[in-house]
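The data block below is run-v8.csv; it holds CSV, C-alpha atoms.
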chain,number,residue,atom,x,y,z
A,1,MET,CA,59.2,113.7,105.1
A,2,LYS,CA,62.1,113.0,107.3
A,3,LEU,CA,65.1,111.0,106.2
A,4,ILE,CA,67.6,109.7,108.7
A,5,HIS,CA,70.8,108.6,107.2
A,6,ARG,CA,72.9,106.6,109.5
A,7,LEU,CA,76.5,105.5,109.0
A,8,ALA,CA,78.5,102.7,110.5
A,9,VAL,CA,82.2,102.6,110.1
A,10,VAL,CA,84.8,99.9,109.9
A,11,ALA,CA,88.6,100.3,109.5
A,12,VAL,CA,91.2,97.9,108.4
A,13,SER,CA,94.9,98.1,109.4
A,14,LEU,CA,98.3,96.7,108.4
A,15,ALA,CA,101.2,95.6,110.6
A,16,GLY,CA,104.3,97.6,111.8
A,17,VAL,CA,107.6,98.0,113.6
A,18,GLY,CA,109.3,99.3,116.8
A,19,ALA,CA,112.6,101.3,117.8
A,20,PHE,CA,115.7,101.5,120.0
A,21,ALA,CA,116.8,103.9,122.8
A,22,ALA,CA,119.1,106.9,122.3
A,23,THR,CA,121.8,107.5,124.9
A,24,GLN,CA,122.4,111.0,126.4
A,25,GLY,CA,125.8,112.5,127.2
A,26,THR,CA,126.8,113.3,130.8
A,27,LEU,CA,128.2,116.6,132.0
A,28,GLY,CA,132.0,116.6,131.8
A,29,THR,CA,135.1,117.9,130.0
A,30,THR,CA,133.8,115.9,127.0
A,31,SER,CA,130.3,114.4,126.5
A,32,THR,CA,129.2,111.6,124.2
A,33,GLY,CA,125.7,110.7,123.1
A,34,THR,CA,124.3,108.3,120.5
A,35,TYR,CA,121.1,107.8,118.5
A,36,THR,CA,119.9,105.6,115.8
A,37,ASN,CA,118.6,106.5,112.3
A,38,THR,CA,116.3,103.9,110.8
A,39,PHE,CA,114.9,104.0,107.3
A,40,GLY,CA,112.5,102.0,105.2
A,41,ALA,CA,110.8,100.4,108.2
A,42,ALA,CA,107.4,98.9,107.7
A,43,VAL,CA,105.7,101.5,109.8
A,44,LEU,CA,102.4,100.5,111.4
A,45,ARG,CA,99.8,101.5,108.9
A,46,GLN,CA,96.4,102.0,110.4
A,47,VAL,CA,93.3,103.7,109.0
A,48,GLN,CA,90.3,105.1,110.8
A,49,ILE,CA,87.0,106.8,110.0
A,50,LEU,CA,85.8,109.2,112.7
A,51,ASN,CA,83.7,112.2,113.4
A,52,VAL,CA,80.9,110.7,111.4
A,53,SER,CA,77.4,112.0,112.1
A,54,ASP,CA,73.9,111.0,111.1
A,55,ALA,CA,72.2,113.2,108.5
A,56,LEU,CA,68.6,114.4,109.1
A,57,ILE,CA,66.9,115.7,106.0
A,58,THR,CA,63.6,117.5,106.4
A,59,PRO,CA,61.5,119.6,104.0
A,60,ASP,CA,63.2,122.6,105.5
A,61,SER,CA,66.7,121.4,104.7
A,62,GLY,CA,68.3,123.7,102.1
A,63,GLU,CA,69.5,122.8,98.7
A,64,VAL,CA,72.9,121.2,98.2
A,65,LEU,CA,75.1,120.7,95.1
A,66,GLU,CA,75.2,117.1,94.2
A,67,TYR,CA,77.0,114.9,91.6
A,68,TYR,CA,80.0,117.1,90.8
A,69,ASP,CA,77.9,120.2,91.5
A,70,ALA,CA,75.6,119.2,88.5
A,71,TYR,CA,72.3,119.2,90.5
A,72,LYS,CA,70.7,121.1,93.3
A,73,ARG,CA,68.7,119.0,95.6
A,74,ILE,CA,67.2,119.2,99.1
A,75,GLY,CA,69.7,117.6,101.3
A,76,VAL,CA,72.4,117.8,103.9
A,77,VAL,CA,76.2,118.0,103.7
A,78,ASP,CA,78.4,117.3,106.7
A,79,ARG,CA,82.1,116.4,107.3
A,80,PHE,CA,83.9,113.5,108.7
A,81,CYS,CA,87.5,112.4,108.8
A,82,VAL,CA,89.6,109.6,107.3
A,83,VAL,CA,93.0,108.9,108.9
A,84,ASP,CA,95.8,106.9,107.4
A,85,THR,CA,98.9,106.9,109.6
A,86,THR,CA,101.1,106.9,106.6
A,87,GLY,CA,99.1,109.5,104.7
A,88,GLY,CA,98.4,107.0,101.9
A,89,ALA,CA,95.3,106.5,99.8
A,90,VAL,CA,92.3,104.9,101.4
A,91,THR,CA,89.3,103.4,99.7
A,92,LEU,CA,85.9,103.9,101.3
A,93,THR,CA,83.3,101.3,100.4
A,94,PHE,CA,79.7,102.0,101.1
A,95,THR,CA,77.1,99.3,101.7
A,96,GLY,CA,73.4,99.4,102.6
A,97,ASN,CA,70.1,99.1,100.9
A,98,TYR,CA,70.2,100.4,97.3
A,99,ASP,CA,69.0,99.7,93.8
A,100,ASP,CA,70.7,100.4,90.5
A,101,THR,CA,70.7,104.2,90.8
A,102,ALA,CA,69.9,105.3,94.3
A,103,TRP,CA,70.0,104.4,98.0
A,104,ILE,CA,66.7,103.3,99.6
A,105,ALA,CA,65.3,104.5,102.9
A,106,THR,CA,62.5,102.6,104.5
A,107,ALA,CA,59.5,103.8,106.6
A,108,ALA,CA,58.0,101.8,109.5
A,109,ASP,CA,55.1,100.7,107.3
A,110,GLY,CA,57.6,99.4,104.7
A,111,LYS,CA,57.2,102.2,102.2
A,112,THR,CA,60.5,103.2,100.6
A,113,PHE,CA,62.1,106.4,99.4
A,114,ARG,CA,65.1,106.8,97.1
A,115,TYR,CA,67.9,109.2,97.8
A,116,TYR,CA,71.5,110.0,96.8
A,117,VAL,CA,74.7,109.7,98.7
A,118,ASN,CA,77.8,111.6,97.6
A,119,THR,CA,81.2,111.9,99.1
A,120,GLY,CA,84.5,113.6,98.4
A,121,VAL,CA,87.5,115.5,99.8
A,122,THR,CA,86.5,118.7,101.7
A,123,GLY,CA,86.4,121.7,99.4
A,124,GLU,CA,86.1,119.7,96.2
A,125,PRO,CA,82.9,118.6,94.2
A,126,MET,CA,81.5,115.4,95.5
A,127,GLN,CA,80.8,112.3,93.5
A,128,ARG,CA,77.9,109.9,93.8
A,129,VAL,CA,78.3,106.6,95.5
A,130,SER,CA,74.8,105.7,94.5
A,131,THR,CA,75.8,103.9,91.4
A,132,GLY,CA,78.5,101.5,90.3
A,133,ALA,CA,81.0,100.2,92.8
A,134,ARG,CA,79.7,102.5,95.6
A,135,ALA,CA,83.3,103.2,96.6
A,136,TYR,CA,85.4,106.3,96.7
A,137,THR,CA,89.2,106.4,97.0
A,138,VAL,CA,90.6,109.2,99.1
A,139,PRO,CA,93.8,110.2,97.3
A,140,SER,CA,97.2,109.8,98.9
A,141,GLY,CA,98.0,113.1,100.7
A,142,LYS,CA,94.4,113.9,101.3
A,143,THR,CA,94.1,111.6,104.3
A,144,VAL,CA,95.4,112.9,107.6
A,145,THR,CA,98.0,111.0,109.6
A,146,SER,CA,96.3,111.2,113.0
A,147,ALA,CA,93.0,111.9,114.6
A,148,ALA,CA,94.5,115.1,116.0
A,149,ALA,CA,94.9,116.4,112.5
A,150,CYS,CA,91.3,116.0,111.5
A,151,GLY,CA,90.2,119.5,112.2
A,152,ALA,CA,86.7,120.1,111.0
A,153,GLY,CA,87.1,117.0,108.7
A,154,ASN,CA,89.1,116.3,105.6
A,155,MET,CA,86.1,114.6,104.0
A,156,GLN,CA,82.5,115.5,103.3
A,157,LYS,CA,79.4,113.5,102.6
A,158,LEU,CA,76.0,114.4,101.3
A,159,ALA,CA,72.5,112.8,101.5
A,160,ALA,CA,69.9,114.4,99.2
A,161,ARG,CA,66.3,113.6,98.1
A,162,GLY,CA,65.7,111.9,94.9
A,163,ASP,CA,63.5,113.2,92.1
A,164,ILE,CA,60.3,111.7,93.5
A,165,ALA,CA,58.8,113.5,96.5
A,166,PRO,CA,58.3,111.4,99.6
A,167,ILE,CA,55.0,110.9,101.3
A,168,ALA,CA,54.3,113.8,103.7
A,169,GLY,CA,54.5,113.1,107.4
A,170,THR,CA,56.4,109.8,106.9
A,171,SER,CA,59.9,109.2,108.3
A,172,TYR,CA,62.3,107.0,106.3
A,173,VAL,CA,65.5,105.6,107.7
A,174,SER,CA,68.6,104.2,105.9
A,175,LEU,CA,71.7,102.8,107.4
A,176,VAL,CA,74.9,103.2,105.4
A,177,THR,CA,78.1,101.4,106.4
A,178,MET,CA,81.5,102.7,105.3
A,179,VAL,CA,84.6,100.5,105.3
A,180,ALA,CA,88.0,102.1,105.0
A,181,THR,CA,90.7,100.0,103.4
A,182,PRO,CA,94.4,101.1,102.7
A,183,VAL,CA,95.2,101.2,99.0
B,1,MET,CA,135.8,116.8,152.3
B,2,GLU,CA,138.9,117.9,150.4
B,3,HIS,CA,141.8,119.9,151.8
B,4,ASP,CA,144.0,122.4,150.0
B,5,HIS,CA,147.8,122.5,150.2
B,6,ASN,CA,147.6,124.4,153.5
B,7,GLY,CA,145.5,121.8,155.1
B,8,ARG,CA,142.3,123.9,154.9
B,9,MET,CA,139.1,122.1,154.3
B,10,ILE,CA,137.4,122.9,151.1
B,11,SER,CA,133.8,122.6,150.0
B,12,GLY,CA,132.0,124.3,147.3
B,13,HIS,CA,129.4,124.3,144.5
B,14,PHE,CA,129.2,124.8,140.8
B,15,ILE,CA,127.5,127.7,139.1
B,16,PRO,CA,127.7,128.3,135.3
B,17,GLY,CA,131.3,129.2,134.5
B,18,TYR,CA,132.7,129.1,138.0
B,19,TRP,CA,133.5,126.8,140.9
B,20,ILE,CA,132.7,128.5,144.2
B,21,GLU,CA,135.0,127.3,146.9
B,22,TYR,CA,134.5,127.7,150.6
B,23,HIS,CA,137.7,127.5,152.6
B,24,ARG,CA,137.3,126.9,156.2
B,25,LEU,CA,140.5,127.5,158.3
B,26,TRP,CA,140.7,125.2,161.3
B,27,ARG,CA,142.5,126.0,164.4
B,28,GLN,CA,142.7,122.9,166.5
B,29,ALA,CA,143.2,124.7,169.8
B,30,ALA,CA,140.4,127.1,169.3
B,31,SER,CA,136.8,127.0,168.2
B,32,VAL,CA,137.3,130.0,165.9
B,33,SER,CA,137.0,129.4,162.2
B,34,VAL,CA,137.4,131.8,159.3
B,35,LEU,CA,135.4,131.4,156.1
B,36,LEU,CA,137.1,132.4,152.9
B,37,VAL,CA,135.2,132.4,149.6
B,38,SER,CA,136.8,132.4,146.2
B,39,CYS,CA,135.7,132.2,142.6
B,40,LEU,CA,137.8,130.0,140.3
B,41,PRO,CA,137.2,129.4,136.5
B,42,ALA,CA,135.6,126.1,136.1
B,43,HIS,CA,136.9,123.3,133.9
B,44,ALA,CA,135.0,123.2,130.6
B,45,GLN,CA,131.8,121.4,131.4
B,46,ILE,CA,130.0,120.2,128.3
B,47,GLN,CA,127.0,118.0,127.7
B,48,VAL,CA,125.1,116.7,124.7
B,49,LEU,CA,121.5,115.6,125.5
B,50,GLN,CA,117.9,115.4,124.4
B,51,LEU,CA,119.0,113.0,121.6
B,52,ARG,CA,116.3,110.9,120.1
B,53,ASN,CA,116.2,108.1,117.5
B,54,GLN,CA,114.7,108.8,114.2
B,55,LEU,CA,112.4,106.4,112.6
B,56,ASN,CA,112.0,107.7,109.1
B,57,ALA,CA,109.1,107.8,109.2
B,58,GLY,CA,106.1,108.3,107.5
B,59,THR,CA,107.6,105.6,105.6
B,60,ARG,CA,106.1,103.2,103.3
B,61,ALA,CA,109.4,102.3,101.7
B,62,ILE,CA,108.1,103.2,98.2
B,63,GLU,CA,110.5,103.4,95.4
B,64,GLY,CA,111.8,106.9,94.9
B,65,GLU,CA,110.3,108.1,98.1
B,66,THR,CA,112.5,110.6,99.8
B,67,LEU,CA,112.6,110.3,103.6
B,68,GLU,CA,113.5,113.4,105.3
B,69,ASN,CA,113.0,114.3,109.0
B,70,ARG,CA,114.7,116.5,111.6
B,71,ASP,CA,114.5,116.9,115.3
B,72,ALA,CA,116.3,118.9,117.9
B,73,PHE,CA,118.9,118.1,120.6
B,74,CYS,CA,120.8,120.2,123.1
B,75,VAL,CA,124.4,121.2,123.6
B,76,VAL,CA,125.3,122.6,127.0
B,77,SER,CA,128.5,124.6,127.6
B,78,VAL,CA,128.7,125.7,131.2
B,79,ARG,CA,131.6,128.2,130.5
B,80,HIS,CA,129.8,129.4,127.4
B,81,THR,CA,132.6,128.5,125.1
B,82,ASP,CA,132.5,127.1,121.6
B,83,VAL,CA,131.9,123.4,121.4
B,84,HIS,CA,133.3,120.9,118.9
B,85,LEU,CA,130.8,118.3,117.8
B,86,THR,CA,132.4,115.3,116.1
B,87,PHE,CA,130.1,112.8,114.4
B,88,SER,CA,130.8,109.2,113.5
B,89,ASN,CA,128.6,106.3,112.6
B,90,THR,CA,128.5,102.5,112.9
B,91,PHE,CA,128.6,101.6,109.2
B,92,GLY,CA,130.8,104.3,107.8
B,93,ASN,CA,130.8,106.1,104.6
B,94,SER,CA,129.9,105.2,101.0
B,95,ALA,CA,132.9,104.5,98.8
B,96,ASP,CA,133.0,108.1,97.6
B,97,GLY,CA,132.8,109.4,101.1
B,98,ALA,CA,129.7,111.5,100.3
B,99,THR,CA,127.1,109.7,102.4
B,100,TRP,CA,126.8,107.5,105.5
B,101,LEU,CA,125.5,104.0,105.2
B,102,ALA,CA,122.7,102.2,107.1
B,103,HIS,CA,122.4,98.5,107.0
B,104,ASN,CA,119.6,96.0,107.1
B,105,ALA,CA,119.7,92.6,108.7
B,106,ALA,CA,121.3,91.1,105.7
B,107,GLY,CA,124.1,93.7,105.7
B,108,GLU,CA,122.8,95.4,102.6
B,109,ALA,CA,123.4,99.2,102.6
B,110,GLN,CA,121.2,102.2,102.2
B,111,PRO,CA,123.0,105.5,101.7
B,112,TYR,CA,121.8,108.6,103.6
B,113,ASN,CA,122.8,112.1,104.4
B,114,GLN,CA,123.0,113.5,107.9
B,115,TYR,CA,122.8,117.3,108.3
B,116,ILE,CA,123.3,119.4,111.4
B,117,GLU,CA,121.7,122.9,111.4
B,118,TYR,CA,120.0,125.5,113.6
B,119,SER,CA,116.3,125.9,114.0
B,120,ASP,CA,116.0,128.4,111.1
B,121,GLY,CA,117.9,126.1,108.8
B,122,SER,CA,121.1,128.1,108.9
B,123,GLY,CA,124.6,126.9,109.5
B,124,VAL,CA,124.1,123.6,107.7
B,125,VAL,CA,126.9,121.1,108.0
B,126,GLU,CA,126.7,117.7,106.2
B,127,VAL,CA,128.4,115.6,108.8
B,128,SER,CA,127.8,112.4,106.8
B,129,ASN,CA,130.4,113.7,104.3
B,130,SER,CA,133.7,112.3,105.3
B,131,SER,CA,135.3,115.7,104.8
B,132,SER,CA,133.0,117.6,107.1
B,133,ASN,CA,132.2,115.4,110.1
B,134,VAL,CA,133.1,118.1,112.7
B,135,LEU,CA,130.9,121.1,113.5
B,136,VAL,CA,132.0,124.0,115.7
B,137,MET,CA,129.0,125.3,117.6
B,138,PRO,CA,129.5,128.9,118.6
B,139,ALA,CA,129.3,129.7,122.3
B,140,ALA,CA,126.3,132.0,121.7
B,141,LYS,CA,124.3,129.0,120.3
B,142,THR,CA,125.0,126.8,123.3
B,143,ALA,CA,122.9,126.6,126.5
B,144,GLN,CA,124.7,127.4,129.7
B,145,THR,CA,122.7,124.9,131.7
B,146,THR,CA,120.1,122.2,130.8
B,147,VAL,CA,117.5,124.6,132.0
B,148,PHE,CA,118.0,126.7,128.9
B,149,CYS,CA,117.8,123.8,126.5
B,150,GLY,CA,114.1,124.2,125.8
B,151,VAL,CA,113.1,122.1,122.8
B,152,GLY,CA,116.8,122.0,121.8
B,153,ASN,CA,119.3,124.4,120.4
B,154,ILE,CA,120.5,122.5,117.4
B,155,TYR,CA,118.9,120.2,114.9
B,156,LYS,CA,119.8,116.9,113.2
B,157,ARG,CA,118.2,116.2,109.8
B,158,VAL,CA,118.4,113.0,107.8
B,159,LYS,CA,117.6,112.5,104.2
B,160,SER,CA,117.5,109.3,102.2
B,161,GLN,CA,115.9,108.0,99.0
B,162,ILE,CA,114.5,104.5,99.0
B,163,THR,CA,115.3,102.5,95.9
B,164,ALA,CA,113.2,99.8,94.4
B,165,VAL,CA,115.5,97.1,95.7
B,166,ASN,CA,116.2,98.6,99.1
B,167,GLY,CA,112.7,99.5,99.8
B,168,LEU,CA,111.6,95.9,100.0
B,169,LYS,CA,114.4,94.9,102.4
B,170,GLY,CA,114.2,97.4,105.2
B,171,PRO,CA,114.5,98.4,107.9
B,172,TYR,CA,118.0,99.9,107.5
B,173,SER,CA,119.6,101.3,110.7
B,174,ASP,CA,122.8,103.1,111.7
B,175,THR,CA,123.9,104.4,115.1
B,176,VAL,CA,125.5,107.8,115.2
B,177,THR,CA,127.9,108.9,118.0
B,178,ILE,CA,128.3,112.6,118.8
B,179,VAL,CA,131.4,113.6,120.9
B,180,ALA,CA,131.2,117.1,122.3
B,181,SER,CA,134.6,118.6,123.3
B,182,PRO,CA,136.0,122.0,124.1
B,183,PRO,CA,137.8,123.9,121.3
Rendering of file as structure tokens:
Amino acid sequence: MKLIHRLAVVAVSLAGVGAFAATQGTLGTTSTGTYTNTFGAAVLRQVQILNVSDALITPDSGEVLEYYDAYKRIGVVDRFCVVDTTGGAVTLTFTGNYDDTAWIATAADGKTFRYYVNTGVTGEPMQRVSTGARAYTVPSGKTVTSAAACGAGNMQKLAARGDIAPIAGTSYVSLVTMVATPV
Amino acid sequence: MEHDHNGRMISGHFIPGYWIEYHRLWRQAASVSVLLVSCLPAHAQIQVLQLRNQLNAGTRAIEGETLENRDAFCVVSVRHTDVHLTFSNTFGNSADGATWLAHNAAGEAQPYNQYIEYSDGSGVVEVSNSSSNVLVMPAAKTAQTTVFCGVGNIYKRVKSQITAVNGLKGPYSDTVTIVASPP
């Protein structure tokens, strides 16, 4: 069995503001310079999802901790990054092919295979986005304010096999789309 | 070309702390000239530069949010003497003299504090307090030329707290003037 879990990303942004120029003093017996302090401006708020990678799950993939570390399943965990230029909270909404409890990957012959998707802040137990609203809100302060601050990734995602084993020798593919929206 | 009181031609150049004069004695009837070099103390040469505006910044104008940012600027004192830095602002002080005021387009005020300090946070002077708007920068802290400014040798830090009413009516701006003068 080979499950390829692909992600597409969409980001939504809000509007913003500009600034004035400071003046520098010249060399002399006295020197005068000016600058402007501005507060409470509606700073350009933008969000971005980046450093997302496809997950390839094979029978040789190791076990990962899924659903708040409650279960061990064969799967893959990797990292990605969510940027909010103001450091605010961002909701990630996941869409794709799923049923009431799990995501569905499809083979070329139409056969399907159910699997789980989890996500969460790096270093914390992940929650399933396989049920309910299929959304996760990155808390304020857990987003990074620029792509340069992503490091290895402030977020992690997981794709793991469901309880029913797949048909040997068959590849299943599932495309998952993440949309980031400022809270 | 200038002449001294003996009619000698003077040229020269400036190095930190001194004015180097070259006196060339002219003899009209002969092609001989004599070069005299003297070192004279320079007039106090002072400069304030590397000033930048502050857009505070990070800023979602949320009630209760404290906006605090600092950045560096540079004060040059060619003779390496103390420098007086006198701070004033466009919109003046609050009624109690404890803070400066920034205004929005409607003329409504947002109080804030302006601090001046060194890179390690020492020597803090709250120049936005009407009783302490002058700071004496010791000679040892100044740069003798702009070459030695680096990222800056003194910091300005602003702090303000957005209130529920003000937060919705930004941006609030105030222009600060720094006059650098000899002791």
_Could you work out which residues of chain A fall inside 10 Å of chain B? Count all atoms listed in the file, and format the result as an NGL selection string._
:A and (17-45 or 85-88 or 145)
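For the pair atom CA of B:Trp100 and atom CA of B:Asp120, the separation is 24.2 Å.
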*Please identify all polymer residues within 10 Å of A:Phe94, counting all atoms listed in the file, omitting same-chain residues fewer than 3 positions from it, and present them as a PyMOL selection string.*
chain A and resi 7-9+91+117+129-130+133-136+176-180
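Distance annotation: of A:Val144, A:Ala107, A:Met155, A:Val121, the residue with the minimal separation from A:Gly169 is A:Ala107; atom set is all atoms listed in the file.
What separates atom CA of A:Cys81 from atom CA of A:Asn118 is a distance of 14.8 Å.
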Box time for stretch 92-111 of chain A: axis-aligned, enclosing all its listed atoms, 4 Å extra on each side; report centre and edge lengths in Å to one decimal, as AutoDock Vina command-line options.
--center_x 70.5 --center_y 102.2 --center_z 100.0 --size_x 38.8 --size_y 14.2 --size_z 27.0
*Distance atom CA of A:Val138-atom CA of A:Val183, one decimal place?*
9.2 Å
*Near B:Thr99, counting all atoms listed in the file, which residues have an atom at most 6 Å away, once you skip same-chain residues fewer than 4 positions from it, shown as a count of residues only?*
7
*Compute the distance from (63.9, 123.7, 102.1) to each atom, counting all atoms listed in the file, keep the residues with any atom at most 12 Å away, and return them as a PyMOL selection string; use the coordinates of the file.*
chain A and resi 1+57-64+72-76+160-161
*Would you please work out which residue, of A:Leu175, A:Ala152, A:Ala147, A:Val52, is nearest to A:Ala105 when using all atoms listed in the file?*
A:Leu175
_Here is a test: counting all atoms listed in the file, which residue of B:Ala106, B:Ser122, B:Val127, B:His80 is nearest to B:Ile154?_
B:Ser122
